[in-house]
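Below is upload.cif, holding mmCIF, C-alpha atoms.
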```cif
data_input
#
loop_
_atom_site.group_PDB
_atom_site.id
_atom_site.type_symbol
_atom_site.label_atom_id
_atom_site.label_comp_id
_atom_site.auth_asym_id
_atom_site.auth_seq_id
_atom_site.Cartn_x
_atom_site.Cartn_y
_atom_site.Cartn_z
ATOM 1 C CA MET F 1 -1.081 18.174 8.289
ATOM 2 C CA THR F 2 -3.627 15.378 8.642
ATOM 3 C CA ALA F 3 -2.548 12.150 6.977
ATOM 4 C CA LYS F 4 -3.890 11.148 3.595
ATOM 5 C CA VAL F 5 -4.759 7.445 3.553
ATOM 6 C CA ILE F 6 -4.077 5.551 0.329
ATOM 7 C CA SER F 7 -4.889 1.920 -0.436
ATOM 8 C CA VAL F 8 -2.630 0.294 -3.032
ATOM 9 C CA CYS F 9 -4.593 -2.442 -4.754
ATOM 10 C CA ASN F 10 -5.370 -4.503 -7.836
ATOM 11 C CA LEU F 11 -7.409 -7.697 -8.093
ATOM 12 C CA LYS F 12 -4.651 -9.259 -10.208
ATOM 13 C CA GLY F 13 -1.622 -10.488 -8.294
ATOM 14 C CA GLY F 14 1.934 -10.127 -9.526
ATOM 15 C CA VAL F 15 1.711 -6.424 -10.392
ATOM 16 C CA GLY F 16 4.508 -5.366 -8.047
ATOM 17 C CA LYS F 17 2.110 -3.893 -5.502
ATOM 18 C CA THR F 18 4.132 -4.668 -2.372
ATOM 19 C CA THR F 19 7.382 -3.417 -3.920
ATOM 20 C CA ILE F 20 5.620 -0.168 -4.827
ATOM 21 C CA VAL F 21 4.300 0.297 -1.275
ATOM 22 C CA MET F 22 7.764 -0.399 0.147
ATOM 23 C CA ALA F 23 9.445 1.991 -2.281
ATOM 24 C CA LEU F 24 6.916 4.770 -1.716
ATOM 25 C CA ALA F 25 7.261 4.432 2.053
ATOM 26 C CA GLU F 26 11.077 4.447 1.925
ATOM 27 C CA TYR F 27 11.424 7.294 -0.556
ATOM 28 C CA LEU F 28 8.737 9.467 1.033
ATOM 29 C CA ALA F 29 10.174 9.050 4.540
ATOM 30 C CA GLY F 30 13.938 9.063 3.953
ATOM 31 C CA ASP F 31 15.774 12.050 5.394
ATOM 32 C CA THR F 32 17.874 12.262 2.206
ATOM 33 C CA MET F 33 14.679 12.180 0.121
ATOM 34 C CA TYR F 34 11.391 13.857 1.154
ATOM 35 C CA GLY F 35 11.419 13.450 4.945
ATOM 36 C CA LYS F 36 7.703 12.715 5.296
ATOM 37 C CA ARG F 37 5.997 10.930 8.193
ATOM 38 C CA VAL F 38 4.820 7.588 6.825
ATOM 39 C CA LEU F 39 2.895 4.638 8.242
ATOM 40 C CA ALA F 40 2.686 1.477 6.129
ATOM 41 C CA ILE F 41 0.002 -1.107 6.904
ATOM 42 C CA ASP F 42 0.335 -4.695 5.672
ATOM 43 C CA LEU F 43 -3.212 -5.865 4.969
ATOM 44 C CA ASP F 44 -2.121 -8.871 2.930
ATOM 45 C CA PRO F 45 -2.110 -12.224 4.790
ATOM 46 C CA GLN F 46 0.881 -13.266 2.699
ATOM 47 C CA SER F 47 2.733 -10.620 4.759
ATOM 48 C CA ASN F 48 5.259 -9.781 2.047
ATOM 49 C CA LEU F 49 5.440 -6.120 3.036
ATOM 50 C CA THR F 50 6.181 -7.123 6.623
ATOM 51 C CA SER F 51 8.984 -9.425 5.478
ATOM 52 C CA ALA F 52 10.383 -6.676 3.265
ATOM 53 C CA MET F 53 10.414 -3.954 5.914
ATOM 54 C CA MET F 54 11.454 -5.651 9.166
ATOM 55 C CA SER F 55 13.657 -8.544 10.190
ATOM 56 C CA GLU F 56 12.065 -11.943 10.748
ATOM 57 C CA GLU F 57 13.589 -12.101 14.231
ATOM 58 C CA ASP F 58 11.998 -8.807 15.312
ATOM 59 C CA TRP F 59 8.694 -9.846 13.754
ATOM 60 C CA GLU F 60 8.656 -13.241 15.443
ATOM 61 C CA TRP F 61 9.780 -12.359 18.965
ATOM 62 C CA GLN F 62 8.741 -8.727 19.398
ATOM 63 C CA TYR F 63 5.393 -8.791 17.583
ATOM 64 C CA ASN F 64 4.023 -12.151 16.425
ATOM 65 C CA GLN F 65 4.707 -14.075 19.637
ATOM 66 C CA LYS F 66 3.218 -11.205 21.650
ATOM 67 C CA GLY F 67 0.063 -11.032 19.526
ATOM 68 C CA LEU F 68 0.991 -7.614 18.137
ATOM 69 C CA THR F 69 0.229 -8.099 14.455
ATOM 70 C CA LEU F 70 -2.691 -6.841 12.385
ATOM 71 C CA PRO F 71 -4.851 -10.003 12.623
ATOM 72 C CA PHE F 72 -4.907 -9.751 16.433
ATOM 73 C CA LEU F 73 -5.664 -6.033 16.234
ATOM 74 C CA LEU F 74 -8.582 -6.550 13.839
ATOM 75 C CA LYS F 75 -9.950 -9.416 15.908
ATOM 76 C CA ASN F 76 -9.829 -7.420 19.159
ATOM 77 C CA ALA F 77 -10.080 -3.861 17.858
ATOM 78 C CA ASP F 78 -12.716 -2.625 20.313
ATOM 79 C CA TYR F 79 -10.701 -3.822 23.301
ATOM 80 C CA PHE F 80 -7.425 -2.257 22.170
ATOM 81 C CA LEU F 81 -9.087 1.013 21.123
ATOM 82 C CA GLU F 82 -10.883 1.316 24.465
ATOM 83 C CA LYS F 83 -7.633 0.685 26.333
ATOM 84 C CA GLY F 84 -5.698 3.044 24.070
ATOM 85 C CA ASN F 85 -3.213 0.296 23.318
ATOM 86 C CA SER F 86 -3.506 0.135 19.529
ATOM 87 C CA GLU F 87 -0.130 1.875 19.087
ATOM 88 C CA LYS F 88 1.574 -1.181 20.576
ATOM 89 C CA PHE F 89 1.034 -2.771 17.171
ATOM 90 C CA ILE F 90 3.102 -0.136 15.376
ATOM 91 C CA VAL F 91 6.728 -0.981 14.629
ATOM 92 C CA LYS F 92 8.670 2.253 15.130
ATOM 93 C CA GLU F 93 12.273 1.025 15.260
ATOM 94 C CA ASN F 94 14.443 -0.635 12.615
ATOM 95 C CA VAL F 95 11.845 -0.424 9.859
ATOM 96 C CA SER F 96 13.623 -0.815 6.473
ATOM 97 C CA ASN F 97 17.264 -1.690 5.847
ATOM 98 C CA LEU F 98 17.944 1.586 4.003
ATOM 99 C CA ARG F 99 20.185 2.807 6.797
ATOM 100 C CA ASN F 100 23.452 3.419 4.957
ATOM 101 C CA LYS F 101 23.903 7.213 4.575
ATOM 102 C CA ASN F 102 20.198 7.597 5.338
ATOM 103 C CA PHE F 103 17.824 7.500 8.281
ATOM 104 C CA PHE F 104 14.099 7.904 8.873
ATOM 105 C CA ASN F 105 12.579 10.404 11.270
ATOM 106 C CA CYS F 106 9.244 8.620 10.954
ATOM 107 C CA LEU F 107 8.831 5.399 8.995
ATOM 108 C CA HIS F 108 6.496 3.065 10.855
ATOM 109 C CA LEU F 109 4.783 -0.233 10.067
ATOM 110 C CA ILE F 110 1.781 -2.208 11.264
ATOM 111 C CA PRO F 111 2.905 -5.779 10.498
ATOM 112 C CA SER F 112 0.724 -8.639 9.374
ATOM 113 C CA SER F 113 0.884 -12.411 9.701
ATOM 114 C CA PRO F 114 -0.628 -15.399 7.865
ATOM 115 C CA ARG F 115 -3.293 -15.551 10.592
ATOM 116 C CA LEU F 116 -5.026 -12.796 8.679
ATOM 117 C CA PHE F 117 -6.256 -15.579 6.368
ATOM 118 C CA GLU F 118 -8.397 -16.799 9.282
ATOM 119 C CA VAL F 119 -9.577 -13.383 10.433
ATOM 120 C CA GLN F 120 -10.681 -12.179 7.009
ATOM 121 C CA GLU F 121 -12.979 -15.188 6.629
ATOM 122 C CA TYR F 122 -14.982 -14.251 9.717
ATOM 123 C CA LEU F 123 -14.913 -10.443 9.733
ATOM 124 C CA PRO F 124 -18.593 -9.427 9.581
ATOM 125 C CA ALA F 125 -19.917 -7.001 6.979
ATOM 126 C CA ASN F 126 -20.840 -4.478 9.697
ATOM 127 C CA ALA F 127 -17.154 -4.232 10.631
ATOM 128 C CA VAL F 128 -16.376 -2.159 7.531
ATOM 129 C CA ALA F 129 -15.324 0.804 9.716
ATOM 130 C CA ILE F 130 -12.880 -1.223 11.822
ATOM 131 C CA LEU F 131 -9.681 -0.095 10.063
ATOM 132 C CA HIS F 132 -10.950 3.490 9.935
ATOM 133 C CA ASN F 133 -11.452 3.395 13.702
ATOM 134 C CA ILE F 134 -7.914 2.079 14.177
ATOM 135 C CA ILE F 135 -6.356 4.684 11.876
ATOM 136 C CA ASN F 136 -8.399 7.717 12.893
ATOM 137 C CA PRO F 137 -6.508 8.456 16.166
ATOM 138 C CA LEU F 138 -3.238 8.303 14.218
ATOM 139 C CA LEU F 139 -4.022 10.786 11.448
ATOM 140 C CA GLU F 140 -2.296 13.776 13.052
ATOM 141 C CA LYS F 141 0.931 11.802 13.502
ATOM 142 C CA TYR F 142 1.593 11.079 9.820
ATOM 143 C CA ASP F 143 1.606 12.710 6.411
ATOM 144 C CA TYR F 144 0.777 9.539 4.475
ATOM 145 C CA ILE F 145 -0.669 6.177 5.488
ATOM 146 C CA LEU F 146 -0.163 3.470 2.860
ATOM 147 C CA ILE F 147 -2.220 0.266 2.924
ATOM 148 C CA ASP F 148 -0.901 -2.763 1.039
ATOM 149 C CA CYS F 149 -4.039 -4.676 -0.003
ATOM 150 C CA PRO F 150 -4.224 -8.294 -1.203
ATOM 151 C CA PRO F 151 -5.656 -9.142 -4.653
ATOM 152 C CA SER F 152 -9.144 -10.000 -3.415
ATOM 153 C CA ILE F 153 -12.455 -8.473 -2.384
ATOM 154 C CA ASN F 154 -13.711 -9.263 1.110
ATOM 155 C CA ASN F 155 -14.740 -7.366 4.214
ATOM 156 C CA VAL F 156 -11.118 -6.679 5.184
ATOM 157 C CA ILE F 157 -10.517 -4.954 1.826
ATOM 158 C CA LYS F 158 -13.758 -3.037 2.160
ATOM 159 C CA SER F 159 -12.503 -1.881 5.539
ATOM 160 C CA ALA F 160 -9.380 -0.552 3.774
ATOM 161 C CA PHE F 161 -11.536 1.270 1.223
ATOM 162 C CA PHE F 162 -13.634 2.771 4.018
ATOM 163 C CA ALA F 163 -10.495 4.021 5.790
ATOM 164 C CA SER F 164 -8.959 5.492 2.619
ATOM 165 C CA ASP F 165 -9.132 8.837 0.894
ATOM 166 C CA PHE F 166 -7.615 7.459 -2.299
ATOM 167 C CA CYS F 167 -6.465 4.289 -3.977
ATOM 168 C CA LEU F 168 -3.456 3.741 -6.215
ATOM 169 C CA ILE F 169 -3.789 0.971 -8.781
ATOM 170 C CA PRO F 170 -0.605 -0.703 -10.060
ATOM 171 C CA CYS F 171 -1.163 -2.443 -13.374
ATOM 172 C CA VAL F 172 1.110 -4.503 -15.589
ATOM 173 C CA PRO F 173 0.300 -3.721 -19.236
ATOM 174 C CA SER F 174 -1.094 -7.200 -19.879
ATOM 175 C CA ARG F 175 -4.608 -8.343 -20.706
ATOM 176 C CA MET F 176 -5.003 -10.250 -17.432
ATOM 177 C CA SER F 177 -3.917 -7.281 -15.334
ATOM 178 C CA ILE F 178 -6.218 -4.969 -17.291
ATOM 179 C CA HIS F 179 -9.151 -7.255 -16.478
ATOM 180 C CA GLY F 180 -8.161 -6.995 -12.806
ATOM 181 C CA LEU F 181 -8.129 -3.208 -13.137
ATOM 182 C CA GLU F 182 -11.594 -3.184 -14.720
ATOM 183 C CA LEU F 183 -13.053 -5.433 -12.036
ATOM 184 C CA LEU F 184 -11.483 -3.387 -9.241
ATOM 185 C CA LEU F 185 -12.973 -0.164 -10.619
ATOM 186 C CA GLU F 186 -16.383 -1.827 -10.741
ATOM 187 C CA GLN F 187 -15.991 -2.913 -7.120
ATOM 188 C CA ILE F 188 -14.924 0.583 -6.028
ATOM 189 C CA THR F 189 -17.877 2.165 -7.820
ATOM 190 C CA GLN F 190 -20.265 -0.263 -6.116
ATOM 191 C CA PHE F 191 -18.573 0.297 -2.754
ATOM 192 C CA LYS F 192 -19.012 4.071 -3.049
ATOM 193 C CA LYS F 193 -22.723 3.590 -3.713
ATOM 194 C CA ASP F 194 -23.233 1.069 -0.920
ATOM 195 C CA TYR F 195 -21.443 3.132 1.735
ATOM 196 C CA ASP F 196 -21.872 6.676 0.385
ATOM 197 C CA HIS F 197 -18.100 6.977 0.349
ATOM 198 C CA LYS F 198 -15.768 9.256 -1.614
ATOM 199 C CA ILE F 199 -12.676 7.082 -2.095
ATOM 200 C CA SER F 200 -11.131 8.026 -5.434
ATOM 201 C CA PRO F 201 -8.353 6.499 -7.563
ATOM 202 C CA ILE F 202 -5.385 8.863 -7.882
ATOM 203 C CA GLY F 203 -4.187 7.018 -10.946
ATOM 204 C CA THR F 204 -3.091 3.857 -12.696
ATOM 205 C CA LEU F 205 0.596 3.103 -12.152
ATOM 206 C CA ILE F 206 2.234 1.032 -14.887
ATOM 207 C CA SER F 207 4.535 -1.557 -13.334
ATOM 208 C CA ARG F 208 6.875 -4.288 -14.583
ATOM 209 C CA TYR F 209 7.152 -2.438 -17.878
ATOM 210 C CA ASN F 210 9.557 -3.905 -20.456
ATOM 211 C CA SER F 211 8.582 -2.089 -23.691
ATOM 212 C CA THR F 212 7.687 -5.222 -25.667
ATOM 213 C CA VAL F 213 5.300 -4.832 -28.592
ATOM 214 C CA SER F 214 2.511 -6.523 -26.637
ATOM 215 C CA GLN F 215 3.067 -4.377 -23.546
ATOM 216 C CA THR F 216 3.239 -1.179 -25.603
ATOM 217 C CA HIS F 217 -0.067 -2.033 -27.256
ATOM 218 C CA ASN F 218 -1.716 -2.709 -23.898
ATOM 219 C CA LEU F 219 -0.160 0.425 -22.396
ATOM 220 C CA ASN F 220 -1.678 2.574 -25.127
ATOM 221 C CA PHE F 221 -5.060 0.952 -24.461
ATOM 222 C CA ILE F 222 -4.804 1.844 -20.756
ATOM 223 C CA ILE F 223 -3.717 5.425 -21.457
ATOM 224 C CA VAL F 224 -6.492 6.278 -23.918
ATOM 225 C CA ASN F 225 -9.285 4.356 -22.166
ATOM 226 C CA PRO F 226 -11.614 7.009 -20.704
ATOM 227 C CA PHE F 227 -12.948 4.524 -18.150
ATOM 228 C CA PHE F 228 -9.560 4.172 -16.437
ATOM 229 C CA PRO F 229 -7.971 6.600 -13.951
ATOM 230 C CA PRO F 230 -5.240 8.837 -15.447
ATOM 231 C CA THR F 231 -1.984 6.974 -15.920
ATOM 232 C CA PHE F 232 1.090 8.026 -13.943
ATOM 233 C CA ALA F 233 3.843 9.517 -16.094
ATOM 234 C CA THR F 234 6.296 7.441 -14.055
ATOM 235 C CA ARG F 235 6.531 3.794 -15.078
ATOM 236 C CA ILE F 236 8.120 1.069 -12.972
ATOM 237 C CA PRO F 237 10.461 -1.065 -15.090
ATOM 238 C CA GLU F 238 10.527 -4.840 -15.025
ATOM 239 C CA ARG F 239 12.873 -5.648 -12.176
ATOM 240 C CA SER F 240 13.850 -8.677 -10.087
ATOM 241 C CA LYS F 241 16.995 -7.606 -8.237
ATOM 242 C CA ILE F 242 15.247 -5.541 -5.559
ATOM 243 C CA ALA F 243 14.484 -8.766 -3.649
ATOM 244 C CA GLU F 244 18.223 -9.290 -3.258
ATOM 245 C CA GLY F 245 18.316 -6.138 -1.132
ATOM 246 C CA LEU F 246 15.937 -7.373 1.562
ATOM 247 C CA ASP F 247 18.576 -8.977 3.795
ATOM 248 C CA PHE F 248 18.411 -7.163 7.135
ATOM 249 C CA ASN F 249 21.953 -8.230 7.964
ATOM 250 C CA HIS F 250 23.153 -5.496 5.613
ATOM 251 C CA GLN F 251 22.369 -1.782 5.731
ATOM 252 C CA LEU F 252 21.971 -0.414 2.214
ATOM 253 C CA THR F 253 21.881 2.857 0.329
ATOM 254 C CA TYR F 254 18.970 3.637 -2.005
ATOM 255 C CA LYS F 255 21.183 2.978 -5.019
ATOM 256 C CA GLN F 256 22.329 -0.374 -3.660
ATOM 257 C CA LYS F 257 18.774 -1.529 -2.995
ATOM 258 C CA TYR F 258 16.976 -0.181 -6.050
ATOM 259 C CA GLY F 259 19.820 -0.088 -8.581
ATOM 260 C CA ASP F 260 18.813 1.404 -11.912
ATOM 261 C CA ALA F 261 15.245 1.883 -10.610
ATOM 262 C CA HIS F 262 16.502 4.459 -8.084
ATOM 263 C CA GLU F 263 15.793 7.558 -10.191
ATOM 264 C CA VAL F 264 12.414 6.126 -11.209
ATOM 265 C CA MET F 265 11.414 5.727 -7.560
ATOM 266 C CA ILE F 266 12.437 9.316 -6.784
ATOM 267 C CA GLU F 267 10.153 10.506 -9.575
ATOM 268 C CA LEU F 268 7.365 8.161 -8.460
ATOM 269 C CA ALA F 269 7.411 9.583 -4.926
ATOM 270 C CA LYS F 270 7.364 13.127 -6.298
ATOM 271 C CA GLU F 271 4.465 12.422 -8.676
ATOM 272 C CA PHE F 272 2.613 10.534 -5.933
ATOM 273 C CA MET F 273 2.836 13.518 -3.549
ATOM 274 C CA ASN F 274 1.700 15.897 -6.262
ATOM 275 C CA ARG F 275 -1.328 13.768 -7.126
ATOM 276 C CA VAL F 276 -2.362 13.157 -3.520
ATOM 277 C CA ASP F 277 -1.755 16.689 -2.227
ATOM 278 C CA ASN F 278 -3.346 18.377 -5.258
ATOM 279 C CA SER F 279 -5.943 15.750 -5.988
ATOM 280 C CA VAL F 280 -8.875 16.170 -8.316
ATOM 281 C CA MET F 281 -11.532 13.565 -7.647
ATOM 282 C CA TYR F 282 -11.714 10.991 -10.448
ATOM 283 C CA THR F 283 -15.225 10.093 -11.565
ATOM 284 C CA PRO F 284 -15.415 7.071 -13.866
ATOM 285 C CA LEU F 285 -17.531 7.494 -16.989
ATOM 286 C CA MET F 286 -19.263 4.196 -16.279
ATOM 287 C CA ALA F 287 -20.716 5.753 -13.117
ATOM 288 C CA SER F 288 -21.835 8.969 -14.805
ATOM 289 C CA LEU F 289 -23.737 7.042 -17.453
ATOM 290 C CA LEU F 290 -25.860 5.122 -14.949
#
```

Please express what this file holds, its structure, as structure tokens.
Amino acid sequence: MTAKVISVCNLKGGVGKTTIVMALAEYLAGDTMYGKRVLAIDLDPQSNLTSAMMSEEDWEWQYNQKGLTLPFLLKNADYFLEKGNSEKFIVKENVSNLRNKNFFNCLHLIPSSPRLFEVQEYLPANAVAILHNIINPLLEKYDYILIDCPPSINNVIKSAFFASDFCLIPCVPSRMSIHGLELLLEQITQFKKDYDHKISPIGTLISRYNSTVSQTHNLNFIIVNPFFPPTFATRIPERSKIAEGLDFNHQLTYKQKYGDAHEVMIELAKEFMNRVDNSVMYTPLMASLL
């Protein structure tokens, strides 16, 4: 199986995007779950996914100090691809602390660092294929490649779009998050025209859901809006305790880390696989009316 590449993105921050990428990677790859081969890529200069999936000590001394994080790879991609050394940037050991009664046959990570803030400012527009070129030699080694994107539009994000088959859009049912969803869909539509690309949203994933009257009203608006990608049946509840399970000094079970969200994450991974593996290309109405 050749990997499907999925960017997880929204132009509004605070939608639980990094937690969703982490959970999808851990539930898809766990031997007690679905046993898939997964590569997660941290494309956000805030590096929250990196912090969530590997210890700071390993990151600092085994990767950052040796120049083996995503910013260095993007900055010197041609050199590393020519030398065949791009896999040095992939963390293959001790990814995730879900190691209690569970292990991963293949859960890998390309870590980031705050230096990506510098690199993304100077990445030229003609470098849109850079991430695609990095990922392409790896496609046969994974089932899913998940890209955690920051809430912005720049040439680094366009590189993620160019490398991706699909995008998953987390959205809090709030007016601000909905505006981020609308703007992102506009950007994706324009990107597809500019680069003759076929990236397609696999759906809108409702996150941080707490069933308030306001959220329920906004949720119904998202569900019935014909301009939005189909909403996932799975909804991620409002949750803050997951962060307490990121201490790499302790090996956790799924239930210990995700608590009452555990069953939700199992269903999310299942629905995600079904949508990606049996995908029907989403075509926004706004594009068909042009």

**Request:** For region 159-171 of chain F, list every protein, DNA or RNA residue within 6 Å, evaluated using all atoms listed in the file, and leave out those in the same chain fewer than 3 positions away; present the list as a PyMOL selection string.
**Result:** chain F and resi 5-10+15+128-129+131-132+156+177+199-207

Could you take the residues named above and write them with C-alpha atoms, as a PDB file, in the coordinates of the input?
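Written output follows (selection-v6.pdb):
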```pdb
ATOM      1  CA  VAL F   5      -4.759   7.445   3.553  1.00  0.00           C
ATOM      2  CA  ILE F   6      -4.077   5.551   0.329  1.00  0.00           C
ATOM      3  CA  SER F   7      -4.889   1.920  -0.436  1.00  0.00           C
ATOM      4  CA  VAL F   8      -2.630   0.294  -3.032  1.00  0.00           C
ATOM      5  CA  CYS F   9      -4.593  -2.442  -4.754  1.00  0.00           C
ATOM      6  CA  ASN F  10      -5.370  -4.503  -7.836  1.00  0.00           C
ATOM      7  CA  VAL F  15       1.711  -6.424 -10.392  1.00  0.00           C
ATOM      8  CA  VAL F 128     -16.376  -2.159   7.531  1.00  0.00           C
ATOM      9  CA  ALA F 129     -15.324   0.804   9.716  1.00  0.00           C
ATOM     10  CA  LEU F 131      -9.681  -0.095  10.063  1.00  0.00           C
ATOM     11  CA  HIS F 132     -10.950   3.490   9.935  1.00  0.00           C
ATOM     12  CA  VAL F 156     -11.118  -6.679   5.184  1.00  0.00           C
ATOM     13  CA  SER F 177      -3.917  -7.281 -15.334  1.00  0.00           C
ATOM     14  CA  ILE F 199     -12.676   7.082  -2.095  1.00  0.00           C
ATOM     15  CA  SER F 200     -11.131   8.026  -5.434  1.00  0.00           C
ATOM     16  CA  PRO F 201      -8.353   6.499  -7.563  1.00  0.00           C
ATOM     17  CA  ILE F 202      -5.385   8.863  -7.882  1.00  0.00           C
ATOM     18  CA  GLY F 203      -4.187   7.018 -10.946  1.00  0.00           C
ATOM     19  CA  THR F 204      -3.091   3.857 -12.696  1.00  0.00           C
ATOM     20  CA  LEU F 205       0.596   3.103 -12.152  1.00  0.00           C
ATOM     21  CA  ILE F 206       2.234   1.032 -14.887  1.00  0.00           C
ATOM     22  CA  SER F 207       4.535  -1.557 -13.334  1.00  0.00           C
TER      23      SER F 207
END
```

Could you pull the residues within 12 Å of His262 (chain F), counting all atoms listed in the file, minus those fewer than 2 positions along the same chain, as a PDB file with C-alpha atoms, keeping the file's coordinate frame?
```
ATOM      1  CA  ALA F  23       9.445   1.991  -2.281  1.00  0.00           C
ATOM      2  CA  LEU F  24       6.916   4.770  -1.716  1.00  0.00           C
ATOM      3  CA  GLU F  26      11.077   4.447   1.925  1.00  0.00           C
ATOM      4  CA  TYR F  27      11.424   7.294  -0.556  1.00  0.00           C
ATOM      5  CA  MET F  33      14.679  12.180   0.121  1.00  0.00           C
ATOM      6  CA  ILE F 236       8.120   1.069 -12.972  1.00  0.00           C
ATOM      7  CA  PRO F 237      10.461  -1.065 -15.090  1.00  0.00           C
ATOM      8  CA  ARG F 239      12.873  -5.648 -12.176  1.00  0.00           C
ATOM      9  CA  ILE F 242      15.247  -5.541  -5.559  1.00  0.00           C
ATOM     10  CA  THR F 253      21.881   2.857   0.329  1.00  0.00           C
ATOM     11  CA  TYR F 254      18.970   3.637  -2.005  1.00  0.00           C
ATOM     12  CA  LYS F 255      21.183   2.978  -5.019  1.00  0.00           C
ATOM     13  CA  GLN F 256      22.329  -0.374  -3.660  1.00  0.00           C
ATOM     14  CA  LYS F 257      18.774  -1.529  -2.995  1.00  0.00           C
ATOM     15  CA  TYR F 258      16.976  -0.181  -6.050  1.00  0.00           C
ATOM     16  CA  GLY F 259      19.820  -0.088  -8.581  1.00  0.00           C
ATOM     17  CA  ASP F 260      18.813   1.404 -11.912  1.00  0.00           C
ATOM     18  CA  VAL F 264      12.414   6.126 -11.209  1.00  0.00           C
ATOM     19  CA  MET F 265      11.414   5.727  -7.560  1.00  0.00           C
ATOM     20  CA  ILE F 266      12.437   9.316  -6.784  1.00  0.00           C
ATOM     21  CA  GLU F 267      10.153  10.506  -9.575  1.00  0.00           C
ATOM     22  CA  LEU F 268       7.365   8.161  -8.460  1.00  0.00           C
ATOM     23  CA  ALA F 269       7.411   9.583  -4.926  1.00  0.00           C
TER      24      ALA F 269
END
```

**Asked** Written as a VMD selection string, which residues does the PyMOL selection byres ((chain F and resi 38-41) around 8) give for the file shown?
**Response** chain F and resid 21 25 28 to 29 36 to 37 42 to 43 106 to 112 142 to 148

**Message:** If I take CA of Pro173 (chain F) and CA of Phe191 (chain F), how far is one from the other in Å, to one decimal?
**Reply:**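 Value for the CA of Pro173 (chain F)-CA of Phe191 (chain F) distance: 25.4 Å.
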
**Request:** Rounded to one decimal place, report the CA of Gly180 (chain F)-CA of Lys12 (chain F) distance in Å.
**Result:**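 Going from CA of Gly180 (chain F) over to CA of Lys12 (chain F) covers 4.9 Å.
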